[in-house]
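Trainee: File name work_11.txt; file contents compact mmCIF, C-alpha atoms; full text below.
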# COMPACT_ATOMS: atom_id res chain seq x y z
CA MET L 1 -22.06 47.94 -47.94
CA LYS L 2 -19.13 45.56 -48.44
CA ARG L 3 -16.87 47.88 -46.47
CA LYS L 4 -19.42 48.03 -43.63
CA MET L 5 -19.74 44.23 -43.56
CA LYS L 6 -15.97 43.86 -43.47
CA ARG L 7 -15.71 46.18 -40.47
CA LEU L 8 -18.50 44.24 -38.75
CA CYS L 9 -16.77 40.93 -39.37
CA LYS L 10 -13.45 42.22 -38.02
CA ARG L 11 -15.20 43.66 -34.99
CA GLY L 12 -17.08 40.39 -34.34
CA PHE L 13 -13.93 38.32 -34.78
CA ALA L 14 -12.00 40.51 -32.35
CA MET L 15 -14.78 40.32 -29.76
CA PHE L 16 -15.03 36.54 -30.08
CA LEU L 17 -11.26 36.04 -30.01
CA ALA L 18 -10.91 38.24 -26.93
CA ALA L 19 -13.62 36.27 -25.19
CA ALA L 20 -12.03 32.98 -26.16
CA LEU L 21 -8.65 33.98 -24.80
CA SER L 22 -9.83 35.65 -21.59
CA LEU L 23 -12.65 33.28 -20.62
CA GLY L 24 -11.22 29.96 -21.73
CA GLY L 25 -13.25 29.33 -24.86
CA LEU L 26 -10.96 27.92 -27.57
CA SER L 27 -8.02 25.56 -27.35
CA GLY L 28 -6.49 22.63 -29.15
CA MET L 29 -7.34 23.96 -32.65
CA THR L 30 -7.00 21.96 -35.81
CA ALA L 31 -3.91 22.74 -37.84
CA GLU L 32 -5.83 24.56 -40.54
CA ALA L 33 -7.47 26.92 -38.04
CA ALA L 34 -4.64 27.30 -35.54
CA SER L 35 -3.42 30.70 -36.67
CA GLY L 36 -4.45 33.43 -34.27
CA TYR L 37 -5.67 31.14 -31.47
CA THR L 38 -3.95 30.20 -28.20
CA PRO L 39 -4.85 27.09 -26.10
CA VAL L 40 -6.42 27.78 -22.74
CA ALA L 41 -3.74 27.55 -20.06
CA ASN L 42 -5.99 27.03 -17.02
CA VAL L 43 -8.86 24.65 -16.47
CA THR L 44 -11.37 25.19 -13.67
CA ILE L 45 -12.31 22.05 -11.73
CA ASN L 46 -15.07 22.16 -9.10
CA PRO L 47 -15.91 18.53 -8.26
CA ASP L 48 -18.73 19.37 -5.82
CA LYS L 49 -20.29 22.26 -7.72
CA LYS L 50 -23.62 21.60 -9.44
CA PRO L 51 -24.06 22.93 -12.98
CA SER L 52 -26.20 26.06 -13.25
CA GLY L 53 -28.31 27.24 -16.16
CA GLN L 54 -28.98 25.12 -19.19
CA THR L 55 -27.72 21.53 -19.15
CA ALA L 56 -27.68 18.86 -21.82
CA ASP L 57 -27.23 15.12 -21.88
CA GLY L 58 -23.76 14.27 -23.03
CA LYS L 59 -22.12 11.04 -24.06
CA VAL L 60 -21.06 7.72 -22.61
CA ARG L 61 -17.50 7.38 -23.84
CA GLN L 62 -15.81 3.97 -23.72
CA SER L 63 -12.16 4.61 -23.00
CA GLY L 64 -11.06 1.09 -23.90
CA GLN L 65 -8.76 1.13 -20.85
CA SER L 66 -8.71 -1.57 -18.19
CA LEU L 67 -6.67 -1.22 -15.01
CA THR L 68 -5.35 -4.13 -12.92
CA MET L 69 -4.81 -3.15 -9.30
CA LYS L 70 -4.33 -4.67 -5.87
CA VAL L 71 -6.40 -3.89 -2.78
CA GLY L 72 -5.01 -0.75 -1.14
CA GLN L 73 -3.26 0.41 -4.31
CA LYS L 74 -4.02 3.77 -5.90
CA GLY L 75 -4.68 4.20 -9.59
CA SER L 76 -5.23 7.11 -11.94
CA PHE L 77 -7.59 7.45 -14.87
CA LEU L 78 -6.24 10.06 -17.28
CA LEU L 79 -9.31 11.64 -18.80
CA GLY L 80 -9.17 12.37 -22.50
CA ALA L 81 -10.75 15.77 -23.02
CA PRO L 82 -14.11 15.97 -24.77
CA THR L 83 -14.08 18.40 -27.68
CA ASN L 84 -16.45 20.80 -29.34
CA THR L 85 -16.20 21.63 -33.03
CA LEU L 86 -17.07 25.12 -34.24
CA ILE L 87 -18.52 24.92 -37.75
CA GLY L 88 -19.02 27.95 -39.96
CA SER L 89 -22.75 28.54 -40.26
CA SER L 90 -22.41 29.70 -43.87
CA CYS L 91 -19.41 27.90 -45.34
CA ARG L 92 -19.62 24.80 -43.07
CA HIS L 93 -15.87 24.78 -42.63
CA THR L 94 -14.31 23.69 -39.36
CA ILE L 95 -13.29 26.91 -37.69
CA ALA L 96 -11.95 25.41 -34.45
CA VAL L 97 -11.88 22.26 -32.33
CA TYR L 98 -11.55 23.10 -28.66
CA ASN L 99 -11.78 21.63 -25.15
CA PRO L 100 -13.95 22.57 -22.15
CA SER L 101 -12.74 25.32 -19.87
CA ASP L 102 -14.74 24.28 -16.79
CA TYR L 103 -15.68 21.01 -15.11
CA CYS L 104 -18.04 20.41 -12.20
CA ASP L 105 -20.17 17.78 -10.41
CA ILE L 106 -17.48 15.11 -10.79
CA SER L 107 -17.94 11.63 -9.35
CA LEU L 108 -16.45 8.15 -9.59
CA ILE L 109 -19.06 5.38 -9.89
CA ASP L 110 -18.68 1.62 -10.17
CA ASN L 111 -21.71 1.03 -12.34
CA SER L 112 -21.56 -2.73 -11.69
CA GLY L 113 -22.63 -2.07 -8.10
CA LYS L 114 -19.61 -3.93 -6.68
CA ASN L 115 -17.93 -0.80 -5.26
CA LEU L 116 -14.47 -2.08 -6.08
CA VAL L 117 -12.87 1.39 -6.07
CA GLY L 118 -13.47 4.63 -4.17
CA ASN L 119 -11.98 7.58 -2.28
CA PRO L 120 -11.47 9.65 -5.45
CA THR L 121 -9.57 12.92 -5.72
CA TYR L 122 -9.39 15.14 -8.78
CA ALA L 123 -6.44 17.19 -9.96
CA ALA L 124 -6.04 19.51 -12.94
CA GLY L 125 -4.01 18.24 -15.84
CA LYS L 126 -3.01 19.89 -19.10
CA ASN L 127 -5.61 21.14 -21.49
CA ASP L 128 -3.82 19.70 -24.51
CA GLY L 129 -6.60 17.49 -25.79
CA SER L 130 -5.31 14.32 -24.16
CA ARG L 131 -5.22 15.05 -20.45
CA VAL L 132 -7.56 17.47 -18.76
CA PHE L 133 -7.84 16.28 -15.17
CA ASP L 134 -6.68 13.20 -13.32
CA THR L 135 -9.03 11.07 -11.28
CA VAL L 136 -7.02 9.31 -8.57
CA PHE L 137 -8.77 6.53 -6.62
CA GLU L 138 -8.09 3.57 -4.32
CA ALA L 139 -8.81 -0.12 -4.87
CA LEU L 140 -11.05 -1.25 -2.01
CA LYS L 141 -12.34 -4.75 -2.72
CA PRO L 142 -11.31 -7.71 -4.93
CA GLY L 143 -13.37 -8.29 -8.04
CA GLU L 144 -13.84 -7.31 -11.67
CA SER L 145 -15.93 -4.54 -13.23
CA SER L 146 -16.10 -3.49 -16.87
CA ASP L 147 -18.08 -0.33 -16.10
CA VAL L 148 -16.35 2.10 -13.74
CA ARG L 149 -17.22 5.67 -14.69
CA VAL L 150 -15.88 9.15 -14.20
CA CYS L 151 -19.02 11.27 -14.45
CA TYR L 152 -18.87 15.04 -14.84
CA TYR L 153 -20.30 18.16 -16.48
CA ALA L 154 -18.19 20.18 -18.93
CA ASN L 155 -18.66 23.72 -20.22
CA PHE L 156 -17.01 24.85 -23.44
CA GLY L 157 -17.61 28.53 -22.64
CA ILE L 158 -18.32 30.34 -25.93
CA VAL L 159 -19.24 33.80 -24.67
CA PHE L 160 -18.84 37.42 -25.81
CA THR L 161 -17.22 40.35 -24.06
CA ASN L 162 -20.54 42.13 -24.43
CA PRO L 163 -22.93 40.21 -22.14
CA ASN L 164 -25.92 41.36 -24.19
CA MET L 165 -24.68 39.63 -27.34
CA THR L 166 -25.85 36.09 -28.14
CA SER L 167 -24.24 35.87 -31.58
CA GLY L 168 -21.72 37.60 -33.81
CA TYR L 169 -19.90 37.35 -37.11
CA ILE L 170 -16.31 36.22 -37.52
CA SER L 171 -14.25 35.53 -40.63
CA CYS L 172 -13.68 31.89 -41.43
CA PRO L 173 -9.91 31.32 -41.17
CA ARG L 174 -10.10 28.92 -44.10
CA CYS L 175 -12.16 30.75 -46.72
CA GLY L 176 -12.39 34.27 -45.23
CA ASN L 177 -16.18 34.43 -45.54
CA PRO L 178 -18.19 35.85 -42.64
CA THR L 179 -19.89 33.23 -40.50
CA MET L 180 -22.14 33.45 -37.49
CA VAL L 181 -20.99 32.28 -34.03
CA TYR L 182 -23.51 31.72 -31.24
CA LYS L 183 -23.12 32.09 -27.49
CA ASP L 184 -22.97 28.71 -25.69
CA VAL L 185 -22.90 28.40 -21.89
CA THR L 186 -24.47 24.95 -21.78
CA TRP L 187 -23.14 22.33 -19.33
CA TYR L 188 -22.75 18.97 -21.09
CA ARG L 189 -22.88 15.66 -19.20
CA TYR L 190 -20.20 13.01 -19.82
CA ASN L 191 -19.61 9.47 -18.55
CA ASP L 192 -16.15 8.13 -19.34
CA VAL L 193 -16.08 4.35 -18.87
CA PHE L 194 -13.13 2.06 -18.12
CA GLY L 195 -12.63 -1.41 -16.64
CA VAL L 196 -11.00 -2.42 -13.36
CA THR L 197 -9.66 -5.72 -11.99
CA VAL L 198 -8.81 -5.60 -8.28
CA ASN L 199 -6.73 -8.46 -6.87
CA ALA L 200 -6.20 -9.53 -3.26
CA ASP L 201 -3.37 -11.54 -1.66
CA TYR L 202 -4.27 -14.76 0.20
CA VAL L 203 -1.55 -16.36 2.35
CA LEU L 204 -1.08 -19.43 4.55
CA ASN L 205 1.83 -18.95 6.99
CA TYR L 206 3.58 -21.78 8.85
CA ASP L 207 5.02 -21.41 12.37
CA THR L 208 7.26 -24.44 12.89
CA GLN L 209 7.82 -23.59 16.58
CA GLY L 210 11.56 -24.10 16.58
CA GLY L 211 11.76 -26.34 13.54
CA SER L 212 13.15 -25.66 10.09
CA SER L 213 11.43 -22.90 8.12
CA VAL L 214 8.61 -23.60 5.66
CA PRO L 215 7.70 -21.15 2.84
CA SER L 216 4.24 -19.60 2.92
CA THR L 217 1.53 -20.67 0.50
CA LYS L 218 0.44 -17.60 -1.49
CA ARG L 219 -2.11 -16.77 -4.17
CA THR L 220 -3.28 -13.50 -5.75
CA VAL L 221 -6.80 -13.52 -7.21
CA SER L 222 -9.69 -11.13 -7.91
CA LYS L 223 -12.12 -13.03 -5.64
CA THR L 224 -13.50 -12.48 -2.12
CA LYS L 225 -12.58 -16.02 -1.05
CA GLU L 226 -9.86 -18.43 -2.07
CA THR L 227 -8.95 -22.04 -1.22
CA LEU L 228 -5.30 -22.85 -0.49
CA ASP L 229 -3.66 -26.28 -0.04
CA VAL L 230 -1.49 -26.97 3.00
CA THR L 231 2.17 -27.28 2.03
CA ASN L 232 3.76 -30.68 1.46
CA VAL L 233 7.08 -29.42 2.86
CA THR L 234 7.85 -31.30 6.09
CA PRO L 235 9.78 -29.35 8.75
CA THR L 236 12.42 -31.01 10.92
CA LYS L 237 13.41 -30.50 14.55
CA GLU L 238 16.21 -32.17 16.48
CA GLY L 239 14.84 -34.81 18.87
CA TYR L 240 11.24 -34.54 17.59
CA THR L 241 8.98 -36.11 14.99
CA PHE L 242 6.66 -33.84 13.00
CA GLN L 243 2.99 -34.83 13.36
CA GLY L 244 1.08 -32.17 11.39
CA TRP L 245 -0.41 -28.68 11.76
CA ALA L 246 -2.70 -27.12 14.37
CA GLU L 247 -4.62 -23.83 14.48
CA SER L 248 -3.16 -22.57 17.76
CA GLU L 249 0.32 -22.35 19.20
CA GLU L 250 -0.56 -24.37 22.32
CA SER L 251 -2.52 -27.14 20.60
CA THR L 252 -1.13 -30.69 20.57
CA THR L 253 -3.96 -31.94 18.34
CA VAL L 254 -3.27 -32.16 14.61
CA LYS L 255 -6.00 -30.60 12.45
CA TYR L 256 -4.31 -30.31 9.04
CA LYS L 257 -2.02 -32.58 7.04
CA ALA L 258 -0.15 -31.88 3.78
CA GLY L 259 -2.57 -31.35 0.89
CA ASP L 260 -5.58 -30.43 3.05
CA SER L 261 -7.62 -27.47 1.76
CA ILE L 262 -8.28 -24.28 3.71
CA THR L 263 -10.65 -21.54 2.46
CA LEU L 264 -9.83 -17.94 3.39
CA GLU L 265 -12.44 -15.16 3.10
CA TRP L 266 -11.71 -11.52 2.36
CA SER L 267 -12.86 -8.79 4.77
CA GLU L 268 -12.59 -5.03 4.64
CA GLY L 269 -9.08 -3.67 5.00
CA LEU L 270 -7.40 -6.93 4.00
CA GLY L 271 -5.88 -8.17 0.77
CA SER L 272 -3.00 -5.75 0.25
CA ALA L 273 0.62 -6.84 0.03
CA ALA L 274 1.26 -5.36 3.48
CA ASN L 275 -1.90 -6.79 5.04
CA PRO L 276 -3.03 -9.91 3.13
CA VAL L 277 -5.92 -12.24 3.92
CA SER L 278 -3.95 -14.74 5.97
CA LYS L 279 -4.00 -17.66 8.40
CA THR L 280 -1.14 -19.12 10.45
CA LEU L 281 -0.73 -22.84 11.15
CA TYR L 282 1.43 -24.19 13.99
CA ALA L 283 3.59 -27.32 13.91
CA VAL L 284 2.75 -30.19 16.26
CA TRP L 285 5.77 -32.19 17.44
CA GLU L 286 6.20 -35.50 19.30
CA LYS L 287 9.36 -36.01 21.34
CA LYS L 288 11.38 -39.01 20.26
CA ASP L 289 11.90 -41.80 22.90
CA THR L 290 15.65 -42.03 23.38
CA THR L 291 15.57 -44.66 26.22
CA THR L 292 18.06 -47.50 25.66
CA PRO L 293 16.47 -50.86 26.60
CA PRO L 294 18.44 -53.16 28.94
CA LYS L 295 20.20 -56.11 27.32
CA ALA L 296 18.98 -59.43 28.65
CA PRO L 297 21.45 -62.25 29.21
CA GLU L 298 21.43 -65.26 26.95
CA ARG L 299 18.88 -67.77 28.27
CA THR L 300 18.85 -71.48 27.69
CA ASP L 301 15.70 -72.15 29.68
CA LEU L 302 12.11 -71.83 28.61
CA HIS L 303 12.57 -68.07 28.01
CA GLY L 304 15.31 -68.69 25.46
CA ILE L 305 13.61 -71.65 23.85
CA LEU L 306 10.48 -69.62 23.20
CA GLY L 307 12.49 -67.08 21.21
CA LYS L 308 13.18 -64.42 23.83
CA PHE L 309 9.59 -63.33 24.24
CA VAL L 310 9.24 -59.93 25.72
CA GLU L 311 7.49 -61.38 28.72
CA VAL L 312 7.21 -64.79 30.29
CA LYS L 313 4.69 -65.06 33.09
CA CYS L 314 4.61 -68.18 35.25
CA VAL L 315 1.39 -68.53 37.18
CA SER L 316 0.90 -70.90 40.10
CA THR L 317 -2.60 -71.75 41.34
CA GLY L 318 -1.95 -74.69 43.60
CA GLU L 319 0.30 -75.81 46.39
CA GLY L 320 3.55 -77.66 46.16
CA LEU L 321 4.76 -76.11 42.97
CA PRO L 322 8.52 -75.52 42.60
CA HIS L 323 8.29 -71.72 42.61
CA GLU L 324 6.04 -68.76 43.41
CA VAL L 325 4.32 -66.51 40.87
CA LYS L 326 6.91 -64.44 39.04
CA ILE L 327 7.15 -62.29 35.87
CA TYR L 328 10.34 -62.34 33.81
CA SER L 329 10.94 -59.75 31.11
CA THR L 330 13.65 -58.35 28.86
CA TRP L 331 11.85 -55.02 28.28
CA GLY L 332 9.93 -52.49 30.34
CA ASN L 333 10.32 -50.56 33.50
CA THR L 334 9.09 -53.05 36.12
CA PHE L 335 10.80 -56.38 36.60
CA ASP L 336 10.39 -59.28 38.97
CA GLY L 337 13.35 -61.58 38.90
CA GLN L 338 14.51 -60.42 35.48
CA TYR L 339 18.11 -61.55 35.76
CA GLU L 340 17.69 -64.85 37.48
CA ASP L 341 19.69 -67.56 35.81
CA ALA L 342 16.64 -69.57 34.88
CA VAL L 343 12.93 -69.37 34.99
CA GLY L 344 12.90 -72.80 36.50
CA PRO L 345 11.18 -75.96 35.43
CA ALA L 346 7.76 -75.59 33.88
CA TYR L 347 5.66 -78.72 33.79
CA LYS L 348 2.23 -80.07 34.62
CA ASP L 349 2.00 -81.67 38.01
CA SER L 350 -0.29 -84.59 37.52
CA GLU L 351 -1.10 -84.72 41.15
CA SER L 352 -1.97 -81.05 41.72
CA GLY L 353 -3.40 -80.56 38.26
CA SER L 354 -1.30 -77.45 37.68
Let me see the structure of the file written as structure tokens.

Mentor:
Amino acid sequence: MKRKMKRLCKRGFAMFLAAALSLGGLSGMTAEAASGYTPVANVTINPDKKPSGQTADGKVRQSGQSLTMKVGQKGSFLLGAPTNTLIGSSCRHTIAVYNPSDYCDISLIDNSGKNLVGNPTYAAGKNDGSRVFDTVFEALKPGESSDVRVCYYANFGIVFTNPNMTSGYISCPRCGNPTMVYKDVTWYRYNDVFGVTVNADYVLNYDTQGGSSVPSTKRTVSKTKETLDVTNVTPTKEGYTFQGWAESEESTTVKYKAGDSITLEWSEGLGSAANPVSKTLYAVWEKKDTTTPPKAPERTDLHGILGKFVEVKCVSTGEGLPHEVKIYSTWGNTFDGQYEDAVGPAYKDSESGS
């Protein structure tokens, strides 16, 4: 009887081992059970395939990772492989710890509902217990989420070469006692959770329109709008005086001064380093007046006595006055008798009343 049981155990072990090696059942064994087992070299990944047959609820696994990205940047979540532990049904020893051989129905979900990341692709990694497949995705929108998930089904694939068998005996590699192994083709559901912070670039540019250059005002934040202050750097331009900033190149009306606040709002496709959320302000200049005023001669008459007023206007309203109406000035573009030697006498005529 013992001899018969021994042959049965060897036969069951061989069948199970052959199935494990050919169909991708066992890999990543513990050190005490590693002898005689080889890790699965190939992992099957079918992102769009739906699991068939029996399925089971799996686990929500918190990865503890948090990625910081910028809009337009691609990131990769390296999935740590789930494991299945094969326990001896009789001795309760750990016979093997192994990874799934097949994955399907894979999706990337921002469980916060913010849709910060998307456009995922999936590539096979190494079935070494730390990296099974890579989920590569793109940052789409600024914001923060602590619950981005890679959701998938995994199959650990414990099967037998004889399709009619649902169980069989193998020898425990630790104690040598026969133990029962059961067929398992169940698809297990997993949700691997990580956090994401997506930043966007906000920039105020300054076009000085021929003046000295002014550095841009920049800020990188994880928000869909940001307020920037207009620079306090004053540009210079030969022959002109800087007035302020306008919103269009042709405008001569100042809208913004140094320290004014401008709020920029994110929109789809913006926020990356190459294509930031931006606004350009244009310098408004006033041409300096370089006209040299004429120099008036020294006056000793009423004009000089009154302290060289800019304008002396003598008005006559009656008859018989010593002169006609004239304007004398040391400044301006229109003159009437500017360089006469004297304004002439100015007095009240008691007779005319002027």

Trainee: With distances taken over only C-alpha atoms, which of L:Val277, L:Val43, L:Cys104, L:Met180 is nearest to Ala124 (chain L)?

Mentor: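 Checking each candidate against Ala124 (chain L), we get L:Val43 as the closest.
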
Trainee: May I have the residues within 9 Å of Asn232 (chain L) as number ranges by chain, using only C-alpha atoms and disregarding those fewer than 3 positions away in the same chain?

Mentor: L: 229, 257-259

Trainee: Of the candidates L:Lys74, L:Arg174, L:Arg61, L:Lys288, which one gets nearest to Phe137 (chain L) if we count all atoms listed in the file?

Mentor: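 Answer, going by the shortest atom-to-atom distance: L:Lys74.
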
Trainee: At what distance in Å, to one decimal, does CA of Pro120 (chain L) lie from CA of Tyr202 (chain L)?

Mentor: 26.1 Å

Trainee: Name the closest residue to Thr121 (chain L) among the candidates L:Asp48, L:Glu226, L:Asp134, L:Glu268; distances are taken between atoms, counting all atoms listed in the file.

Mentor: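 When distances to Thr121 (chain L) are compared using all atoms listed in the file, the smallest one comes from L:Asp134.
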
Trainee: For each of L:Cys91, L:Leu264, L:Val214, L:Leu78, take the minimum atom-to-atom distance to Val193 (chain L), counting only C-alpha atoms, then give the residue where this is smallest.

Mentor: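 Looking at the shortest contact to Val193 (chain L), the residue is L:Leu78.
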
Trainee: My list of candidates is L:Asn99, L:Val60, L:Ser145, L:Gly88. Which is closest to Lys114 (chain L) when distances are computed with all atoms listed in the file?

Mentor: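 The answer is L:Ser145, which sits nearest to Lys114 (chain L).
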
Trainee: I'd like the interatomic distance between CA of Leu228 (chain L) and CA of Gly72 (chain L), to a tenth of an Å.

Mentor: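 So the two atoms, CA of Leu228 (chain L) and CA of Gly72 (chain L), lie 22.1 Å apart.
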
Trainee: Which one of L:Pro235, L:Pro215, L:Gly269, L:Gly210 sits closest to Glu249 (chain L) if you count only C-alpha atoms?

Mentor: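 Closest candidate: L:Gly210.
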
Trainee: Which value, in Å to one decimal, gives the distance between CA of Thr252 (chain L) and CA of Trp266 (chain L)?

Mentor: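 Between CA of Thr252 (chain L) and CA of Trp266 (chain L) the gap is 28.5 Å.
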
Trainee: Excluding His93 (chain L) and residues on its chain fewer than 4 positions from it, collect all residues at most 9 Å away from it, counting all atoms listed in the file, and give them as a list of chain:residue names.

Mentor: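 Within the cut-off, the hits are L:Leu86, L:Ile87, L:Gly88, L:Ser89, L:Cys172, L:Pro173, L:Arg174, L:Cys175.
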
Trainee: Neighbouring residues of region 181-186 of chain L were defined as those with any atom within 8 Å, considering all atoms listed in the file; residues of the same chain fewer than 3 positions away were excluded. Please report them as a ChimeraX atom specification.

Mentor: /L:53-56,88-89,155-160,165-170

Trainee: Taking the point (-24.1, 12.3, -17.9) as given in the file, collect each protein or nucleic acid residue that comes within 6 Å of it, counting all atoms listed in the file, and present the set as a CSV table (one decimal) with C-alpha atoms, keeping the file's coordinate frame.

Mentor:
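Output saved as point-v1.csv:
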chain,number,residue,atom,x,y,z
L,57,ASP,CA,-27.2,15.1,-21.9
L,58,GLY,CA,-23.8,14.3,-23.0
L,189,ARG,CA,-22.9,15.7,-19.2
L,190,TYR,CA,-20.2,13.0,-19.8
L,191,ASN,CA,-19.6,9.5,-18.6

Trainee: Within 9 Å of (-5.3, -4.7, -6.9) (coordinates as in the file), grab all the protein and nucleic acid residues, counting all atoms listed in the file, and write them out as a ChimeraX atom specification.

Mentor: /L:67-74,139-143,196-201,221-222,271-272

Trainee: Can you take the partial region 53-68 of chain L, add N, CA, C and O atoms, and return it as an mmCIF file, keeping the file's coordinate frame?

Mentor:
data_model
loop_
_atom_site.group_PDB
_atom_site.id
_atom_site.type_symbol
_atom_site.label_atom_id
_atom_site.label_comp_id
_atom_site.auth_asym_id
_atom_site.auth_seq_id
_atom_site.Cartn_x
_atom_site.Cartn_y
_atom_site.Cartn_z
ATOM 1 N N GLY L 53 -27.836 26.844 -14.838
ATOM 2 C CA GLY L 53 -28.310 27.240 -16.160
ATOM 3 C C GLY L 53 -28.684 26.028 -16.987
ATOM 4 O O GLY L 53 -29.050 24.963 -16.479
ATOM 5 N N GLN L 54 -28.565 26.168 -18.273
ATOM 6 C CA GLN L 54 -28.980 25.120 -19.190
ATOM 7 C C GLN L 54 -27.999 23.950 -19.158
ATOM 8 O O GLN L 54 -26.791 24.116 -19.187
ATOM 9 N N THR L 55 -28.546 22.733 -19.096
ATOM 10 C CA THR L 55 -27.720 21.530 -19.150
ATOM 11 C C THR L 55 -28.205 20.637 -20.276
ATOM 12 O O THR L 55 -29.347 20.731 -20.733
ATOM 13 N N ALA L 56 -27.333 19.765 -20.723
ATOM 14 C CA ALA L 56 -27.680 18.860 -21.820
ATOM 15 C C ALA L 56 -27.066 17.502 -21.559
ATOM 16 O O ALA L 56 -26.004 17.390 -20.938
ATOM 17 N N ASP L 57 -27.780 16.470 -21.999
ATOM 18 C CA ASP L 57 -27.230 15.120 -21.880
ATOM 19 C C ASP L 57 -26.013 15.002 -22.786
ATOM 20 O O ASP L 57 -26.028 15.445 -23.932
ATOM 21 N N GLY L 58 -24.973 14.425 -22.232
ATOM 22 C CA GLY L 58 -23.760 14.270 -23.030
ATOM 23 C C GLY L 58 -23.615 12.870 -23.551
ATOM 24 O O GLY L 58 -24.590 12.260 -24.005
ATOM 25 N N LYS L 59 -22.416 12.329 -23.451
ATOM 26 C CA LYS L 59 -22.120 11.040 -24.060
ATOM 27 C C LYS L 59 -21.574 10.065 -23.024
ATOM 28 O O LYS L 59 -20.995 10.445 -22.018
ATOM 29 N N VAL L 60 -21.780 8.775 -23.319
ATOM 30 C CA VAL L 60 -21.060 7.720 -22.610
ATOM 31 C C VAL L 60 -19.889 7.338 -23.502
ATOM 32 O O VAL L 60 -20.072 6.834 -24.609
ATOM 33 N N ARG L 61 -18.696 7.609 -23.025
ATOM 34 C CA ARG L 61 -17.500 7.380 -23.840
ATOM 35 C C ARG L 61 -16.730 6.185 -23.290
ATOM 36 O O ARG L 61 -16.292 6.188 -22.140
ATOM 37 N N GLN L 62 -16.572 5.146 -24.101
ATOM 38 C CA GLN L 62 -15.810 3.970 -23.720
ATOM 39 C C GLN L 62 -14.328 4.250 -23.956
ATOM 40 O O GLN L 62 -13.901 4.449 -25.089
ATOM 41 N N SER L 63 -13.575 4.266 -22.866
ATOM 42 C CA SER L 63 -12.160 4.610 -23.000
ATOM 43 C C SER L 63 -11.350 3.468 -23.596
ATOM 44 O O SER L 63 -10.287 3.683 -24.176
ATOM 45 N N GLY L 64 -11.833 2.242 -23.429
ATOM 46 C CA GLY L 64 -11.060 1.090 -23.900
ATOM 47 C C GLY L 64 -9.952 0.697 -22.936
ATOM 48 O O GLY L 64 -9.245 -0.268 -23.173
ATOM 49 N N GLN L 65 -9.809 1.430 -21.827
ATOM 50 C CA GLN L 65 -8.760 1.130 -20.850
ATOM 51 C C GLN L 65 -9.283 0.138 -19.816
ATOM 52 O O GLN L 65 -10.465 0.116 -19.485
ATOM 53 N N SER L 66 -8.388 -0.672 -19.296
ATOM 54 C CA SER L 66 -8.710 -1.570 -18.190
ATOM 55 C C SER L 66 -7.516 -1.608 -17.250
ATOM 56 O O SER L 66 -6.397 -1.910 -17.679
ATOM 57 N N LEU L 67 -7.742 -1.273 -15.999
ATOM 58 C CA LEU L 67 -6.670 -1.220 -15.010
ATOM 59 C C LEU L 67 -6.677 -2.479 -14.157
ATOM 60 O O LEU L 67 -7.737 -2.971 -13.777
ATOM 61 N N THR L 68 -5.493 -3.017 -13.863
ATOM 62 C CA THR L 68 -5.350 -4.130 -12.920
ATOM 63 C C THR L 68 -4.641 -3.592 -11.686
ATOM 64 O O THR L 68 -3.531 -3.063 -11.770
#
